[in-house]
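Source file: work.txt. Holds: compact mmCIF, C-alpha atoms.
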```txt
# COMPACT_ATOMS: atom_id res chain seq x y z
CA VAL A 1 211.84 166.32 217.75
CA GLU A 2 212.64 168.64 214.85
CA ALA A 3 216.18 169.33 216.07
CA TYR A 4 216.79 165.61 216.52
CA ALA A 5 215.41 164.96 213.04
CA GLY A 6 217.56 167.67 211.49
CA GLY A 7 220.76 166.59 213.23
CA GLY A 8 220.68 162.88 212.54
CA ALA A 9 218.99 162.67 209.15
CA THR A 10 221.05 160.37 206.98
CA ALA A 11 218.22 158.88 204.93
CA ALA A 12 216.64 160.59 201.96
CA GLY A 13 213.70 161.62 204.09
CA LEU A 14 210.03 162.19 203.55
CA ARG A 15 208.64 164.09 200.58
CA LEU A 16 206.36 166.83 201.90
CA PRO A 17 203.79 168.92 200.02
CA GLY A 18 205.20 171.89 198.19
CA GLY A 19 208.22 170.10 196.77
CA LEU A 20 210.00 169.94 200.13
CA HIS A 21 211.71 166.87 201.41
CA GLY A 22 213.28 166.21 204.73
CA PRO A 23 213.27 163.91 207.70
CA GLY A 24 209.92 162.34 208.55
CA ALA A 25 210.26 163.43 212.17
CA ALA A 26 210.09 167.06 211.01
CA LEU A 27 206.41 166.55 210.21
CA LEU A 28 205.87 165.13 213.70
CA GLY A 29 207.74 168.12 215.12
CA TRP A 30 205.54 170.57 213.21
CA THR A 31 202.44 168.77 214.51
CA LEU A 32 203.67 168.92 218.09
CA THR A 33 204.57 172.60 217.66
CA ALA A 34 201.09 173.44 216.37
CA LEU A 35 199.49 171.53 219.24
CA GLY A 36 201.77 173.27 221.73
CA LEU A 37 200.92 176.72 220.39
CA ALA A 38 197.20 175.96 220.55
CA LEU A 39 197.53 174.77 224.14
CA ALA A 40 199.82 177.65 225.20
CA GLY A 41 197.62 180.34 223.60
CA PRO A 42 195.28 180.83 226.58
CA GLY A 43 198.17 181.02 229.03
CA LEU A 44 200.05 183.53 226.90
CA THR A 45 196.90 185.60 226.47
CA HIS A 46 196.37 185.61 230.22
CA LEU A 47 200.01 186.62 230.68
CA CYS A 48 199.50 189.54 228.27
CA GLY A 49 196.61 190.74 230.42
CA ARG A 50 198.62 190.38 233.60
CA LEU A 51 201.56 192.30 232.10
CA LEU A 52 199.25 195.12 231.00
CA GLN A 53 198.07 195.51 234.59
CA SER A 54 201.50 195.47 236.19
CA ALA A 55 203.47 198.54 237.30
CA HIS A 56 200.78 201.03 238.35
CA PRO A 57 198.33 200.84 235.46
CA GLY A 58 195.91 203.55 234.48
CA ALA A 59 192.24 202.96 233.85
CA VAL A 60 192.71 202.00 230.19
CA ARG A 61 195.54 199.53 230.88
CA LEU A 62 193.62 198.03 233.79
CA LEU A 63 190.49 197.64 231.65
CA ALA A 64 192.49 196.11 228.79
CA GLY A 65 194.40 193.76 231.08
CA ARG A 66 191.30 192.54 232.91
CA GLY A 67 189.59 192.04 229.57
CA LEU A 68 192.43 189.89 228.24
CA MET A 69 192.56 187.84 231.40
CA GLU A 70 188.82 187.22 231.26
CA GLU A 71 188.88 186.33 227.55
CA ALA A 72 192.03 184.21 227.69
CA THR A 73 190.24 180.88 227.40
CA ARG A 74 187.91 182.13 224.67
CA ILE A 75 190.42 183.78 222.32
CA GLY A 76 193.68 182.14 223.42
CA ARG A 77 193.34 178.91 221.48
CA PRO A 78 192.31 180.53 218.19
CA VAL A 79 195.21 182.98 218.51
CA GLY A 80 197.58 180.06 219.18
CA VAL A 81 196.26 178.15 216.16
CA LEU A 82 196.59 181.23 213.97
CA CYS A 83 200.15 181.61 215.27
CA ALA A 84 200.88 177.99 214.28
CA VAL A 85 199.38 178.48 210.80
CA ALA A 86 201.29 181.72 210.28
CA SER A 87 204.54 180.14 211.44
CA GLY A 88 204.02 177.27 208.99
CA ALA A 89 203.41 179.73 206.15
CA TYR A 90 206.44 181.79 207.19
CA ALA A 91 208.59 178.65 207.34
CA MET A 92 207.46 177.61 203.87
CA ALA A 93 208.29 181.08 202.57
CA ALA A 94 211.67 181.03 204.32
CA LEU A 95 212.47 177.72 202.65
CA GLY A 96 211.81 179.24 199.25
CA THR A 97 208.57 177.45 198.41
CA ASP A 98 206.43 179.43 195.99
CA SER A 99 203.08 178.71 194.38
CA ALA A 100 204.68 177.40 191.18
CA THR A 101 206.65 174.75 193.09
CA ALA A 102 203.91 173.94 195.55
CA GLY A 103 201.13 173.15 193.10
CA PRO A 104 197.54 174.27 193.08
CA LEU A 105 196.21 171.79 195.67
CA THR A 106 198.90 172.70 198.19
CA VAL A 107 198.14 176.39 197.76
CA LEU A 108 194.39 175.73 198.02
CA GLY A 109 194.89 173.62 201.16
CA GLY A 110 197.03 176.35 202.72
CA LEU A 111 194.42 178.98 201.94
CA VAL A 112 191.63 176.82 203.42
CA VAL A 113 193.61 176.23 206.62
CA ALA A 114 194.54 179.91 206.96
CA GLY A 115 190.97 180.98 206.21
CA CYS A 116 189.56 178.60 208.80
CA ALA A 117 192.04 179.82 211.43
CA LEU A 118 191.12 183.45 210.70
CA ALA A 119 187.40 182.67 210.74
CA THR A 120 187.72 180.88 214.07
CA LEU A 121 189.59 183.84 215.56
CA GLY A 122 186.98 186.23 214.16
CA THR A 123 184.17 184.17 215.67
CA ALA A 124 185.92 184.07 219.05
CA ALA A 125 186.45 187.84 218.92
CA VAL A 126 182.76 188.44 218.20
CA GLU A 127 181.79 186.11 221.06
CA ALA A 128 184.17 187.96 223.39
CA ARG A 129 182.69 191.29 222.34
CA GLN A 130 179.17 190.02 222.99
CA ALA A 131 180.25 188.73 226.39
CA ARG A 132 181.62 192.18 227.23
CA ALA A 133 178.51 194.00 225.99
CA GLU A 134 176.93 194.38 229.44
CA THR A 135 180.18 195.62 230.97
CA THR A 136 180.68 198.08 228.14
CA ALA A 137 177.12 199.35 228.48
CA ALA A 138 177.61 199.80 232.23
CA LEU A 139 180.84 201.74 231.67
CA VAL A 140 179.10 204.00 229.16
CA ARG A 141 176.24 204.60 231.61
CA LEU A 142 178.80 205.55 234.25
CA GLY A 143 180.28 208.12 231.87
CA ALA A 144 183.36 206.38 230.53
CA PRO A 145 184.47 208.08 227.31
CA ALA A 146 184.18 206.04 224.13
CA THR A 147 187.80 206.84 223.34
CA ALA A 148 188.89 205.02 226.50
CA LEU A 149 186.96 201.92 225.46
CA ARG A 150 188.47 202.02 221.97
CA ALA A 151 191.93 202.59 223.44
CA ALA A 152 191.48 199.54 225.70
CA ALA A 153 190.47 197.42 222.70
CA ALA A 154 193.48 198.67 220.72
CA LEU A 155 195.75 198.00 223.68
CA ARG A 156 194.45 194.43 223.95
CA ALA A 157 195.13 193.84 220.27
CA GLY A 158 198.55 195.47 220.50
CA ALA A 159 199.55 193.37 223.49
CA LEU A 160 198.56 190.17 221.69
CA LEU A 161 200.50 191.22 218.60
CA ALA A 162 203.55 192.14 220.68
CA VAL A 163 203.66 188.64 222.16
CA PHE A 164 202.45 186.42 219.34
CA VAL A 165 204.24 187.96 216.32
CA PRO A 166 207.78 187.40 217.67
CA LEU A 167 206.70 183.94 218.86
CA THR A 168 205.43 183.14 215.36
CA VAL A 169 208.69 184.23 213.75
CA LEU A 170 210.78 182.30 216.30
CA VAL A 171 208.76 179.11 215.83
CA ALA A 172 208.92 179.46 212.04
CA GLU A 173 212.68 179.91 212.06
CA LEU A 174 213.15 176.90 214.32
CA ALA A 175 210.70 174.79 212.31
CA SER A 176 212.47 175.43 209.03
CA VAL A 177 215.92 174.35 210.31
CA PRO A 178 215.47 170.57 209.76
CA LEU A 179 214.24 171.11 206.20
CA ALA A 180 216.79 173.73 205.18
CA GLY A 181 219.57 171.21 204.60
```
Take the structure in the file and give it back as structure tokens.
Amino acid sequence: VEAYAGGGATAAGLRLPGGLHGPGAALLGWTLTALGLALAGPGLTHLCGRLLQSAHPGAVRLLAGRGLMEEATRIGRPVGVLCAVASGAYAMAALGTDSATAGPLTVLGGLVVAGCALATLGTAAVEARQARAETTAALVRLGAPATALRAAAALRAGALLAVFVPLTVLVAELASVPLAG
């Protein structure tokens, strides 16, 4: 939708918050992109877990991968939404929108949306940690070192970052194309 809007925009377009203007379909494209990232988040999180377990994993990689696969539905959507919010912020920055051009209400709205996305992800992470509490306690009782548990948690976070950060940048670059002209 955004590529179609950017390629055939002959009218003046729609005036968006932050002093931007562009084709009206670009806003529809951004909405569809955010919805798609939220819906794809659990699948991508599950894929991260599966990739961690592939190719003869050790105990830490296996624990991290199984953890991501189990938590995919719980933390996938908030990670996808945060990815959509971050890509929107990155696209606005790439288009040269600053706080002086955007106005105070646009900046406040952006901060509220980003804060809510971060709070939702934080809540989902706490819920996932509480759901893993029995498993973690059982591993500690069996003699698993605490460093292995911390390494598995760091590996889970690193795998999510390795997948979602490039995706965020790619989506932001593609989303800013229709408005760059």
query = segment 71-75 of chain A: which residues within 7 Å, counting only C-alpha atoms, same-chain residues fewer than 4 positions away excluded, as a ChimeraX atom specification?
reply = /A:42,45-46,67,79,121,124-125,128
Please check which residues have atoms at most 12 Å from (193.8, 180.2, 207.3) in the file's coordinates, counting only C-alpha atoms, and write them as an mmCIF file with C-alpha atoms, in the frame of the given file.
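And here's result-v1.cif as it stands now:
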```cif
data_model
loop_
_atom_site.group_PDB
_atom_site.id
_atom_site.type_symbol
_atom_site.label_atom_id
_atom_site.label_comp_id
_atom_site.auth_asym_id
_atom_site.auth_seq_id
_atom_site.Cartn_x
_atom_site.Cartn_y
_atom_site.Cartn_z
ATOM 1 C CA PRO A 78 192.310 180.530 218.190
ATOM 2 C CA VAL A 79 195.210 182.980 218.510
ATOM 3 C CA VAL A 81 196.260 178.150 216.160
ATOM 4 C CA LEU A 82 196.590 181.230 213.970
ATOM 5 C CA CYS A 83 200.150 181.610 215.270
ATOM 6 C CA ALA A 84 200.880 177.990 214.280
ATOM 7 C CA VAL A 85 199.380 178.480 210.800
ATOM 8 C CA ALA A 86 201.290 181.720 210.280
ATOM 9 C CA SER A 87 204.540 180.140 211.440
ATOM 10 C CA GLY A 88 204.020 177.270 208.990
ATOM 11 C CA ALA A 89 203.410 179.730 206.150
ATOM 12 C CA VAL A 107 198.140 176.390 197.760
ATOM 13 C CA LEU A 108 194.390 175.730 198.020
ATOM 14 C CA GLY A 109 194.890 173.620 201.160
ATOM 15 C CA GLY A 110 197.030 176.350 202.720
ATOM 16 C CA LEU A 111 194.420 178.980 201.940
ATOM 17 C CA VAL A 112 191.630 176.820 203.420
ATOM 18 C CA VAL A 113 193.610 176.230 206.620
ATOM 19 C CA ALA A 114 194.540 179.910 206.960
ATOM 20 C CA GLY A 115 190.970 180.980 206.210
ATOM 21 C CA CYS A 116 189.560 178.600 208.800
ATOM 22 C CA ALA A 117 192.040 179.820 211.430
ATOM 23 C CA LEU A 118 191.120 183.450 210.700
ATOM 24 C CA ALA A 119 187.400 182.670 210.740
ATOM 25 C CA THR A 120 187.720 180.880 214.070
ATOM 26 C CA LEU A 121 189.590 183.840 215.560
ATOM 27 C CA GLY A 122 186.980 186.230 214.160
#
```
Leu149 of chain A: which residues within 10 Å, counting only C-alpha atoms, same-chain residues fewer than 3 positions away excluded, as a tab-separated table (two decimals) with C-alpha atoms, in the coordinates of the input?
```tsv
chain	number	residue	atom	x	y	z
A	59	ALA	CA	192.24	202.96	233.85
A	60	VAL	CA	192.71	202.00	230.19
A	63	LEU	CA	190.49	197.64	231.65
A	64	ALA	CA	192.49	196.11	228.79
A	136	THR	CA	180.68	198.08	228.14
A	139	LEU	CA	180.84	201.74	231.67
A	140	VAL	CA	179.10	204.00	229.16
A	144	ALA	CA	183.36	206.38	230.53
A	145	PRO	CA	184.47	208.08	227.31
A	146	ALA	CA	184.18	206.04	224.13
A	152	ALA	CA	191.48	199.54	225.70
A	153	ALA	CA	190.47	197.42	222.70
A	154	ALA	CA	193.48	198.67	220.72
A	155	LEU	CA	195.75	198.00	223.68
```
inquiry  = I'd like to know which of A:Leu95, A:Tyr90, A:Ala131, A:Pro57 is closest to Val169 of chain A, using all atoms listed in the file.
reply    =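 Of A:Leu95, A:Tyr90, A:Ala131, A:Pro57, the one nearest Val169 of chain A, counting all atoms listed in the file, is A:Tyr90.
In this structure, atom CA of Ala151 of chain A sits 27.6 Å away from atom CA of Leu37 of chain A.
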ask   = What is the atom CA of Leu27 of chain A to atom CA of Gly80 of chain A distance in Å?
value = 18.5 Å
How about completing segment 159-176 of chain A with N, CA and C atoms and giving it to me as a compact mmCIF listing (two decimals), keeping the file's coordinate frame?
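Once everything was written out, this is result.txt:
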```txt
# COMPACT_ATOMS: atom_id res chain seq x y z
N ALA A 159 198.85 194.26 222.58
CA ALA A 159 199.55 193.37 223.49
C ALA A 159 199.64 191.95 222.91
N LEU A 160 198.54 191.49 222.32
CA LEU A 160 198.56 190.17 221.69
C LEU A 160 199.54 190.12 220.53
N LEU A 161 199.55 191.17 219.72
CA LEU A 161 200.50 191.22 218.60
C LEU A 161 201.94 191.26 219.10
N ALA A 162 202.19 192.02 220.17
CA ALA A 162 203.55 192.14 220.68
C ALA A 162 204.09 190.81 221.21
N VAL A 163 203.21 189.94 221.65
CA VAL A 163 203.66 188.64 222.16
C VAL A 163 203.66 187.58 221.07
N PHE A 164 202.61 187.53 220.27
CA PHE A 164 202.45 186.42 219.34
C PHE A 164 203.22 186.59 218.02
N VAL A 165 203.48 187.79 217.58
CA VAL A 165 204.24 187.96 216.32
C VAL A 165 205.68 187.49 216.48
N PRO A 166 206.42 187.93 217.52
CA PRO A 166 207.78 187.40 217.67
C PRO A 166 207.79 185.89 217.92
N LEU A 167 206.79 185.38 218.64
CA LEU A 167 206.70 183.94 218.86
C LEU A 167 206.50 183.20 217.55
N THR A 168 205.68 183.75 216.67
CA THR A 168 205.43 183.14 215.36
C THR A 168 206.71 183.09 214.54
N VAL A 169 207.44 184.18 214.52
CA VAL A 169 208.69 184.23 213.75
C VAL A 169 209.71 183.27 214.33
N LEU A 170 209.84 183.21 215.65
CA LEU A 170 210.78 182.30 216.30
C LEU A 170 210.44 180.85 216.00
N VAL A 171 209.18 180.49 216.11
CA VAL A 171 208.76 179.11 215.83
C VAL A 171 208.99 178.78 214.36
N ALA A 172 208.72 179.72 213.47
CA ALA A 172 208.92 179.46 212.04
C ALA A 172 210.39 179.25 211.72
N GLU A 173 211.25 180.08 212.30
CA GLU A 173 212.68 179.91 212.06
C GLU A 173 213.18 178.57 212.58
N LEU A 174 212.74 178.19 213.76
CA LEU A 174 213.15 176.90 214.32
C LEU A 174 212.56 175.72 213.55
N ALA A 175 211.33 175.88 213.04
CA ALA A 175 210.70 174.79 212.31
C ALA A 175 211.32 174.56 210.94
N SER A 176 211.89 175.59 210.38
CA SER A 176 212.47 175.43 209.03
C SER A 176 213.90 174.89 209.06
```
